[in-house]
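Okay, model-v4.cif is below, mmCIF, C-alpha atoms:
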data_run
loop_
_atom_site.label_atom_id
_atom_site.label_comp_id
_atom_site.auth_asym_id
_atom_site.auth_seq_id
_atom_site.Cartn_x
_atom_site.Cartn_y
_atom_site.Cartn_z
CA MET A 1 84.54 67.50 122.81
CA LEU A 2 82.59 69.82 120.55
CA ILE A 3 84.58 71.33 117.69
CA SER A 4 83.30 73.59 114.93
CA VAL A 5 84.70 72.75 111.50
CA ASN A 6 83.75 75.20 108.76
CA GLY A 7 80.80 76.30 110.84
CA GLU A 8 79.47 72.75 111.42
CA ARG A 9 79.59 71.34 114.92
CA HIS A 10 81.20 67.93 115.41
CA GLU A 11 81.45 65.79 118.52
CA LEU A 12 84.96 64.38 118.21
CA ASP A 13 87.36 62.31 120.25
CA ALA A 14 90.51 63.21 118.32
CA ALA A 15 92.81 65.58 120.16
CA THR A 16 95.11 67.02 117.49
CA LEU A 17 94.16 69.01 114.42
CA ASP A 18 95.80 66.38 112.23
CA ALA A 19 93.68 63.59 113.75
CA VAL A 20 90.47 65.64 113.49
CA LEU A 21 91.12 66.30 109.80
CA ALA A 22 91.81 62.61 109.16
CA SER A 23 88.60 61.59 110.95
CA LEU A 24 86.60 63.96 108.73
CA GLY A 25 88.05 62.64 105.47
CA TYR A 26 90.63 65.32 104.69
CA ALA A 27 93.71 63.07 104.71
CA GLY A 28 95.95 63.63 101.71
CA ARG A 29 93.91 66.57 100.45
CA LYS A 30 95.16 69.93 99.22
CA ILE A 31 93.88 72.11 102.04
CA ALA A 32 94.99 74.88 104.38
CA THR A 33 93.85 75.32 107.95
CA ALA A 34 93.22 77.86 110.67
CA VAL A 35 92.15 77.45 114.29
CA ASN A 36 90.26 80.27 115.99
CA GLY A 37 91.22 82.62 113.17
CA ARG A 38 94.94 81.84 113.26
CA PHE A 39 96.74 80.08 110.42
CA VAL A 40 98.07 76.62 111.26
CA ALA A 41 100.72 75.35 108.84
CA ALA A 42 100.49 71.76 107.60
CA ALA A 43 103.65 70.81 109.46
CA GLU A 44 102.20 72.04 112.75
CA ARG A 45 98.87 70.21 112.56
CA GLU A 46 100.06 67.14 114.42
CA ARG A 47 101.29 69.30 117.29
CA VAL A 48 98.19 71.51 117.60
CA ARG A 49 95.86 70.14 120.28
CA LEU A 50 92.23 71.19 120.03
CA ASN A 51 90.04 72.24 122.92
CA ASP A 52 86.31 72.14 123.42
CA GLY A 53 84.66 74.97 121.47
CA ASP A 54 87.57 75.55 119.06
CA GLN A 55 86.71 76.77 115.60
CA VAL A 56 88.55 75.08 112.76
CA GLU A 57 88.54 76.41 109.21
CA VAL A 58 89.54 74.16 106.31
CA VAL A 59 89.90 75.74 102.89
CA ALA A 60 90.78 74.42 99.45
CA PRO A 61 91.64 76.06 96.11
CA MET A 62 88.72 77.72 94.38
CA GLN A 63 87.99 79.83 91.34
CA GLY A 64 88.70 83.51 91.93
CA GLY A 65 89.04 86.85 90.20
CA MET B 1 107.19 93.38 82.26
CA MET B 2 108.32 92.52 85.77
CA PHE B 3 106.33 91.77 88.92
CA TYR B 4 108.63 91.33 91.92
CA GLY B 5 111.51 90.26 89.72
CA VAL B 6 109.44 87.85 87.63
CA GLU B 7 109.53 88.54 83.91
CA LEU B 8 106.19 88.03 82.14
CA GLY B 9 105.42 88.06 78.44
CA SER B 10 101.68 88.71 78.71
CA ARG B 11 100.17 91.85 80.19
CA LEU B 12 96.87 90.16 80.97
CA LEU B 13 96.17 88.64 84.38
CA LEU B 14 93.07 86.51 84.18
CA GLY B 15 90.55 85.43 86.79
CA THR B 16 89.28 81.86 86.89
CA ALA B 17 85.72 82.38 88.22
CA ARG B 18 82.30 82.38 86.58
CA TYR B 19 83.10 80.44 83.40
CA PRO B 20 80.32 78.22 82.04
CA SER B 21 82.49 75.10 82.46
CA PRO B 22 86.03 74.04 83.43
CA GLN B 23 86.75 73.30 79.76
CA VAL B 24 85.73 76.81 78.69
CA LEU B 25 87.90 78.21 81.47
CA ALA B 26 90.91 76.25 80.23
CA ASP B 27 90.27 77.20 76.59
CA ALA B 28 89.78 80.89 77.47
CA VAL B 29 92.98 81.00 79.48
CA ARG B 30 94.90 79.51 76.56
CA ALA B 31 93.27 81.91 74.08
CA SER B 32 94.16 84.86 76.29
CA ALA B 33 97.83 83.83 76.42
CA ALA B 34 97.79 84.98 80.07
CA GLU B 35 100.72 83.74 82.13
CA VAL B 36 99.14 84.53 85.49
CA VAL B 37 95.72 83.38 86.70
CA THR B 38 94.02 84.46 89.89
CA VAL B 39 92.64 81.88 92.30
CA SER B 40 90.94 81.91 95.66
CA LEU B 41 90.27 79.82 98.76
CA ARG B 42 86.99 78.57 100.11
CA ARG B 43 85.76 76.20 102.75
CA GLU B 44 85.65 72.57 101.70
CA SER B 45 84.15 69.69 103.63
CA GLY B 46 85.74 66.25 103.86
CA ARG B 47 83.10 64.90 101.45
CA GLU B 48 83.60 67.49 98.70
CA ARG B 49 86.16 67.33 95.92
CA ALA B 50 85.47 70.60 94.06
CA GLY B 51 88.63 72.31 95.22
CA GLN B 52 90.78 69.30 94.42
CA SER B 53 89.51 69.02 90.85
CA PHE B 54 89.80 72.78 90.30
CA TRP B 55 93.39 72.61 91.48
CA SER B 56 94.17 69.78 89.04
CA LEU B 57 92.79 71.92 86.22
CA VAL B 58 94.83 74.99 87.20
CA ARG B 59 97.98 72.95 87.68
CA GLY B 60 97.42 71.47 84.23
CA LEU B 61 97.52 74.96 82.72
CA GLY B 62 101.11 75.27 83.94
CA LEU B 63 100.81 78.96 84.78
CA ARG B 64 101.79 81.13 87.69
CA VAL B 65 98.95 81.68 90.17
CA LEU B 66 98.03 84.84 92.03
CA PRO B 67 95.84 83.92 95.01
CA ASN B 68 93.45 86.54 96.33
CA THR B 69 91.92 87.41 99.67
CA ALA B 70 88.48 88.05 98.16
CA GLY B 71 85.67 88.37 100.66
CA CYS B 72 87.91 89.50 103.52
CA HIS B 73 86.61 92.47 105.47
CA THR B 74 89.22 92.77 108.19
CA VAL B 75 93.00 92.89 108.41
CA LYS B 76 93.02 89.70 110.47
CA GLU B 77 90.92 87.77 107.92
CA ALA B 78 93.07 88.99 105.04
CA VAL B 79 96.35 88.16 106.77
CA THR B 80 95.20 84.67 107.80
CA THR B 81 93.85 84.02 104.29
CA ALA B 82 97.16 85.16 102.79
CA HIS B 83 99.06 82.72 104.97
CA MET B 84 96.76 79.86 104.00
CA ALA B 85 97.14 80.81 100.33
CA ARG B 86 100.93 80.94 100.54
CA GLU B 87 101.05 77.40 101.85
CA LEU B 88 98.36 76.04 99.54
CA PHE B 89 99.67 77.56 96.31
CA ASP B 90 103.34 77.72 97.25
CA THR B 91 103.74 81.37 96.27
CA LYS B 92 104.66 84.60 98.03
CA TRP B 93 102.35 86.52 95.70
CA ILE B 94 99.04 87.69 97.15
CA LYS B 95 96.33 89.82 95.59
CA LEU B 96 95.29 91.70 98.68
CA GLU B 97 91.64 92.63 98.95
CA VAL B 98 90.16 94.13 102.09
CA ILE B 99 86.59 95.08 101.28
CA ARG B 100 84.58 97.68 103.14
CA ASP B 101 81.27 97.79 101.36
CA ASP B 102 79.45 94.81 99.87
CA GLU B 103 77.37 96.86 97.42
CA THR B 104 80.28 98.55 95.67
CA LEU B 105 83.04 96.16 96.81
CA GLN B 106 84.92 99.35 97.64
CA PRO B 107 88.29 98.56 99.22
CA ASP B 108 88.77 99.46 102.88
CA ILE B 109 91.87 101.51 102.21
CA PHE B 110 92.79 101.81 105.90
CA GLY B 111 92.64 98.06 106.43
CA LEU B 112 94.38 97.55 103.09
CA VAL B 113 97.43 99.61 104.05
CA GLU B 114 97.65 97.94 107.45
CA ALA B 115 97.34 94.44 106.01
CA ALA B 116 99.91 95.26 103.30
CA ARG B 117 102.38 96.38 105.95
CA VAL B 118 101.91 93.18 107.98
CA LEU B 119 102.17 90.92 104.93
CA VAL B 120 105.28 92.59 103.49
CA GLN B 121 106.94 92.12 106.87
CA ASP B 122 105.89 88.46 106.75
CA GLY B 123 107.71 88.08 103.43
CA PHE B 124 104.78 88.34 101.03
CA GLU B 125 104.86 90.07 97.65
CA VAL B 126 101.68 92.07 97.77
CA PHE B 127 99.43 93.08 94.85
CA PRO B 128 96.96 95.45 96.57
CA TYR B 129 93.52 95.98 95.05
CA THR B 130 93.07 99.69 95.72
CA THR B 131 91.37 102.85 94.55
CA GLU B 132 93.03 105.53 92.44
CA ASP B 133 93.75 107.65 95.55
CA LEU B 134 97.35 108.85 95.38
CA ALA B 135 97.89 109.17 99.13
CA VAL B 136 96.76 105.58 99.68
CA ALA B 137 98.97 104.44 96.82
CA ASP B 138 101.89 106.26 98.40
CA ARG B 139 101.23 104.52 101.74
CA LEU B 140 101.11 101.15 99.99
CA VAL B 141 104.44 101.81 98.28
CA GLU B 142 105.84 102.95 101.61
CA ALA B 143 104.62 99.66 103.12
CA GLY B 144 106.70 97.80 100.52
CA CYS B 145 104.27 97.12 97.66
CA LYS B 146 106.05 97.09 94.30
CA VAL B 147 102.82 96.62 92.37
CA LEU B 148 99.63 98.68 92.69
CA MET B 149 96.28 97.59 91.32
CA PRO B 150 93.79 100.47 91.19
CA TRP B 151 90.24 99.67 90.15
CA GLY B 152 88.93 100.78 86.78
CA ALA B 153 85.38 100.59 88.14
CA PRO B 154 83.65 98.44 90.77
CA ILE B 155 84.31 94.70 90.41
CA GLY B 156 82.10 93.06 87.81
CA SER B 157 80.47 96.35 86.74
CA ALA B 158 81.85 96.38 83.16
CA ARG B 159 81.92 100.19 83.20
CA GLY B 160 85.51 100.62 82.06
CA LEU B 161 87.78 103.35 83.39
CA ASN B 162 85.60 105.53 85.63
CA ASN B 163 88.29 108.06 86.40
CA VAL B 164 90.75 108.39 83.55
CA TYR B 165 92.22 111.61 84.92
CA ALA B 166 93.11 109.99 88.25
CA LEU B 167 94.54 106.87 86.61
CA LYS B 168 96.66 109.08 84.35
CA THR B 169 97.89 111.05 87.35
CA MET B 170 98.72 107.83 89.14
CA ARG B 171 100.83 106.65 86.22
CA ALA B 172 102.72 109.96 86.19
CA HIS B 173 103.15 109.92 89.97
CA PHE B 174 104.54 106.37 90.16
CA PRO B 175 106.70 105.94 87.06
CA ASP B 176 108.70 103.07 88.58
CA VAL B 177 105.91 101.06 90.20
CA ALA B 178 104.17 98.32 88.22
CA LEU B 179 100.57 99.49 87.77
CA VAL B 180 97.71 97.16 86.93
CA VAL B 181 94.12 98.22 86.28
CA ASP B 182 92.14 95.66 88.22
CA ALA B 183 88.39 95.27 87.95
CA GLY B 184 85.49 96.95 86.24
CA LEU B 185 86.49 96.35 82.63
CA GLY B 186 83.76 95.27 80.23
CA VAL B 187 85.10 95.29 76.67
CA PRO B 188 88.53 95.11 75.05
CA SER B 189 88.58 98.85 74.30
CA HIS B 190 88.60 99.49 78.07
CA ALA B 191 91.74 97.37 78.36
CA ALA B 192 93.30 99.10 75.38
CA GLN B 193 92.61 102.47 77.01
CA ALA B 194 94.35 101.38 80.22
CA MET B 195 97.36 100.26 78.22
CA GLU B 196 97.40 103.50 76.22
CA LEU B 197 97.63 105.37 79.54
CA GLY B 198 100.85 103.48 80.17
CA TYR B 199 99.57 100.90 82.62
CA ASP B 200 101.73 97.81 82.79
CA ALA B 201 98.90 95.28 82.72
CA VAL B 202 95.23 94.67 83.32
CA LEU B 203 93.51 92.10 85.51
CA LEU B 204 90.04 90.97 84.58
CA ASN B 205 87.65 88.09 84.97
CA THR B 206 83.93 88.63 84.42
CA ALA B 207 84.29 90.44 81.08
CA ILE B 208 85.70 87.26 79.59
CA ALA B 209 84.01 84.60 81.73
CA GLU B 210 80.49 85.94 81.21
CA ALA B 211 80.82 86.94 77.56
CA GLY B 212 78.63 84.96 75.13
CA ASN B 213 81.82 83.39 73.80
CA PRO B 214 84.50 83.55 76.49
CA VAL B 215 87.21 81.97 74.35
CA GLU B 216 86.89 84.53 71.53
CA MET B 217 86.56 87.35 74.04
CA ALA B 218 89.79 86.20 75.69
CA ARG B 219 91.55 86.51 72.36
CA ALA B 220 89.93 89.92 71.76
CA PHE B 221 91.25 91.21 75.10
CA ALA B 222 94.71 89.83 74.37
CA LEU B 223 94.80 91.69 71.05
CA ALA B 224 93.47 94.92 72.59
CA ILE B 225 96.08 94.81 75.35
CA GLU B 226 98.86 94.30 72.83
CA ALA B 227 97.50 97.12 70.63
CA GLY B 228 97.15 99.47 73.59
CA ARG B 229 100.67 98.80 74.77
CA LEU B 230 102.10 99.31 71.30
CA ALA B 231 100.15 102.57 71.02
CA PHE B 232 101.56 103.79 74.35
CA ARG B 233 105.10 102.98 73.26
CA SER B 234 104.48 104.79 69.97
CA GLN B 235 103.78 108.10 71.79
CA PRO B 236 100.19 108.92 70.76
CA LEU B 237 99.17 112.31 69.44
CA ALA B 238 97.85 114.74 72.05
CA PRO B 239 94.22 115.81 71.53
CA ARG B 240 93.71 119.37 70.20
CA ASP B 241 90.72 121.65 69.91
CA MET B 242 91.13 122.76 66.31
CA ALA B 243 91.22 120.79 63.07
CA ALA B 244 94.59 120.20 61.43
CA PRO B 245 94.49 119.01 57.81
CA SER B 246 96.31 115.75 57.36
CA THR B 247 96.69 116.22 53.60
CA PRO B 248 99.33 118.86 52.77
CA THR B 249 97.77 122.07 51.43
CA PHE B 250 100.93 123.15 49.57
CA GLY B 251 100.63 122.62 45.83
CA ARG B 252 96.87 122.30 45.83
CA ALA B 253 95.40 123.04 42.36
CA ALA B 254 93.62 126.41 42.08
CA LEU B 255 90.18 125.29 40.93
CA ALA B 256 87.91 127.84 42.62
CA ASP B 257 86.25 130.62 40.57
#

Mind turning the file's structure into structure tokens?
Amino acid sequence: MLISVNGERHELDAATLDAVLASLGYAGRKIATAVNGRFVAAAERERVRLNDGDQVEVVAPMQGG
Amino acid sequence: MMFYGVELGSRLLLGTARYPSPQVLADAVRASAAEVVTVSLRRESGRERAGQSFWSLVRGLGLRVLPNTAGCHTVKEAVTTAHMARELFDTKWIKLEVIRDDETLQPDIFGLVEAARVLVQDGFEVFPYTTEDLAVADRLVEAGCKVLMPWGAPIGSARGLNNVYALKTMRAHFPDVALVVDAGLGVPSHAAQAMELGYDAVLLNTAIAEAGNPVEMARAFALAIEAGRLAFRSQPLAPRDMAAPSTPTFGRAALAD
């Protein structure tokens, strides 16, 4: 299925958000996530199943004012 | 000074962006004696490590963080960003920015009030970046904000306090709300002026980060903020139109012809 992660399209087999993140190298990282504009807590990632066309956002800490 | 029940010794909240290097950022934060630093969230790919190393640096400073929703233009974006920030930084504090116009970075006050209401209900402690408009401030307080952060001038403009009259009025109108001048400061005298008006704190970033010597400028701002606060507590003289001799005239020698 085709999933957008931070605006980049990926053809992925993984079904859950947790598995998608692991396959893209995010395992163990300090990140926060949203799917289709809705926040998904870390504890929920393994239960959230992704569908074709879903938009995933992955953010990390950054400098800010 | 208290923000949502948290006692702080320093009245300077410092941004972490635009420093020439991570080392200068760390040194400037230490020189400023700030106890709160602002941070943000941005996309990171699985290959990048920038966010992870920045987080190690901030954690090493051992300070309280105030995450922002910079760059958000809608209530939905701001609320989702706030939730991501709460999990990532493990804090209920959120510097709420809902921006309307990219040229001036003018807050969208309608979206701001709505987002504040939603976030307070979700258990956040909201620090709204707002204008000096009293009606908006009143709505934000009504929504549950216990801190208000009116702009001094547009973000990064270094113009100082554009509307001293309105900021003064705001202080008088909200004696029990923590007020922070956020954005637009350029030099330490701007910060001192905000403190002399009775503001509880100032939040700044670019004025220190982009100074020729950020570390010394951080110290300069810290001193100005302390001086301004002390001046406010000392009840400054009110301006007057006419001269008033400071040296007593009584007993002056009669030396004229």

Considering only C-alpha atoms, give me a table of residues in chain A that are at most 10 Å from chain B, with the closest atom pair and distance in Å for each, as a Markdown table.
| residue | atom | partner | partner_atom | distance |
| --- | --- | --- | --- | --- |
| A:Val5 | CA | B:Ser45 | CA | 8.5 |
| A:Asn6 | CA | B:Arg43 | CA | 6.4 |
| A:Gly7 | CA | B:Arg43 | CA | 9.5 |
| A:Glu8 | CA | B:Ser45 | CA | 9.6 |
| A:Leu21 | CA | B:Gly46 | CA | 8.0 |
| A:Ala22 | CA | B:Gly46 | CA | 8.8 |
| A:Ser23 | CA | B:Gly46 | CA | 9.0 |
| A:Leu24 | CA | B:Gly46 | CA | 5.4 |
| A:Gly25 | CA | B:Gly46 | CA | 4.6 |
| A:Tyr26 | CA | B:Gly46 | CA | 5.0 |
| A:Ala27 | CA | B:Gly46 | CA | 8.6 |
| A:Arg29 | CA | B:Gln52 | CA | 7.3 |
| A:Lys30 | CA | B:Gln52 | CA | 6.5 |
| A:Ile31 | CA | B:Leu88 | CA | 6.5 |
| A:Ala32 | CA | B:Met84 | CA | 5.3 |
| A:Thr33 | CA | B:Met84 | CA | 6.7 |
| A:Ala34 | CA | B:Thr80 | CA | 7.7 |
| A:Gly37 | CA | B:Thr80 | CA | 7.0 |
| A:Arg38 | CA | B:Thr80 | CA | 6.2 |
| A:Phe39 | CA | B:Thr80 | CA | 5.5 |
| A:Val40 | CA | B:Met84 | CA | 8.1 |
| A:Ala41 | CA | B:Glu87 | CA | 7.3 |
| A:Ala42 | CA | B:Glu87 | CA | 8.1 |
| A:Glu57 | CA | B:Arg43 | CA | 7.0 |
| A:Val58 | CA | B:Arg43 | CA | 5.6 |
| A:Val59 | CA | B:Arg43 | CA | 4.2 |
| A:Ala60 | CA | B:Gly51 | CA | 5.2 |
| A:Pro61 | CA | B:Leu41 | CA | 4.8 |
| A:Met62 | CA | B:Ser40 | CA | 4.9 |
| A:Gln63 | CA | B:Ala17 | CA | 4.6 |
| A:Gly64 | CA | B:Val39 | CA | 4.3 |
| A:Gly65 | CA | B:Gly15 | CA | 4.0 |

For B:Ala201, list every protein, DNA or RNA residue within 12 Å, evaluated using only C-alpha atoms, and leave out those in the same chain fewer than 3 positions away; present the list as a VMD selection string. chain B and resid 1 to 3 8 to 14 34 to 36 147 to 150 177 to 183 191 to 198 204 221 to 222 224 to 226 228 to 229

When you count all atoms listed in the file, which of these residues is closest to B:Val141: B:Val215, B:Ala244, B:Leu237, B:Ala116?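 Closest candidate: B:Ala116.
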
Given the file above and the PyMOL selection byres ((chain A and resi 45-55) around 7), which residues are selected, and can you give them as a ChimeraX atom specification? /A:1-5,15-18,35-36,40-44,56-57

Which residues would end up in the selection if the PyMOL selection byres ((chain B and resi 109-112) around 9) were applied here, given that I need the answer as a compact mmCIF listing (two decimals) with C-alpha atoms, in the coordinates of the input?
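Wrote result-v2.txt, looks like this:
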# COMPACT_ATOMS: atom_id res chain seq x y z
CA HIS B 73 86.61 92.47 105.47
CA THR B 74 89.22 92.77 108.19
CA VAL B 75 93.00 92.89 108.41
CA ALA B 78 93.07 88.99 105.04
CA LEU B 96 95.29 91.70 98.68
CA GLU B 97 91.64 92.63 98.95
CA VAL B 98 90.16 94.13 102.09
CA ILE B 99 86.59 95.08 101.28
CA ARG B 100 84.58 97.68 103.14
CA GLN B 106 84.92 99.35 97.64
CA PRO B 107 88.29 98.56 99.22
CA ASP B 108 88.77 99.46 102.88
CA VAL B 113 97.43 99.61 104.05
CA GLU B 114 97.65 97.94 107.45
CA ALA B 115 97.34 94.44 106.01
CA ALA B 116 99.91 95.26 103.30
CA ARG B 117 102.38 96.38 105.95
CA PRO B 128 96.96 95.45 96.57
CA TYR B 129 93.52 95.98 95.05
CA THR B 130 93.07 99.69 95.72
CA THR B 131 91.37 102.85 94.55
CA VAL B 136 96.76 105.58 99.68
CA LEU B 140 101.11 101.15 99.99

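The space separating atom CA of B:Ser189 from atom CA of B:His173 comes to 24.1 Å.
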
So, counting all atoms listed in the file, which residue among B:Leu223, B:Ala137, B:Glu210, B:Gly5 is closest to B:Ser32?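 Of the candidates, the smallest distance to B:Ser32 is held by B:Leu223.
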
State, in Å with one decimal place, the distance from atom CA of B:Ala172 to atom CA of B:Arg159.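 About the pair atom CA of B:Ala172 and atom CA of B:Arg159: they are 23.2 Å apart.
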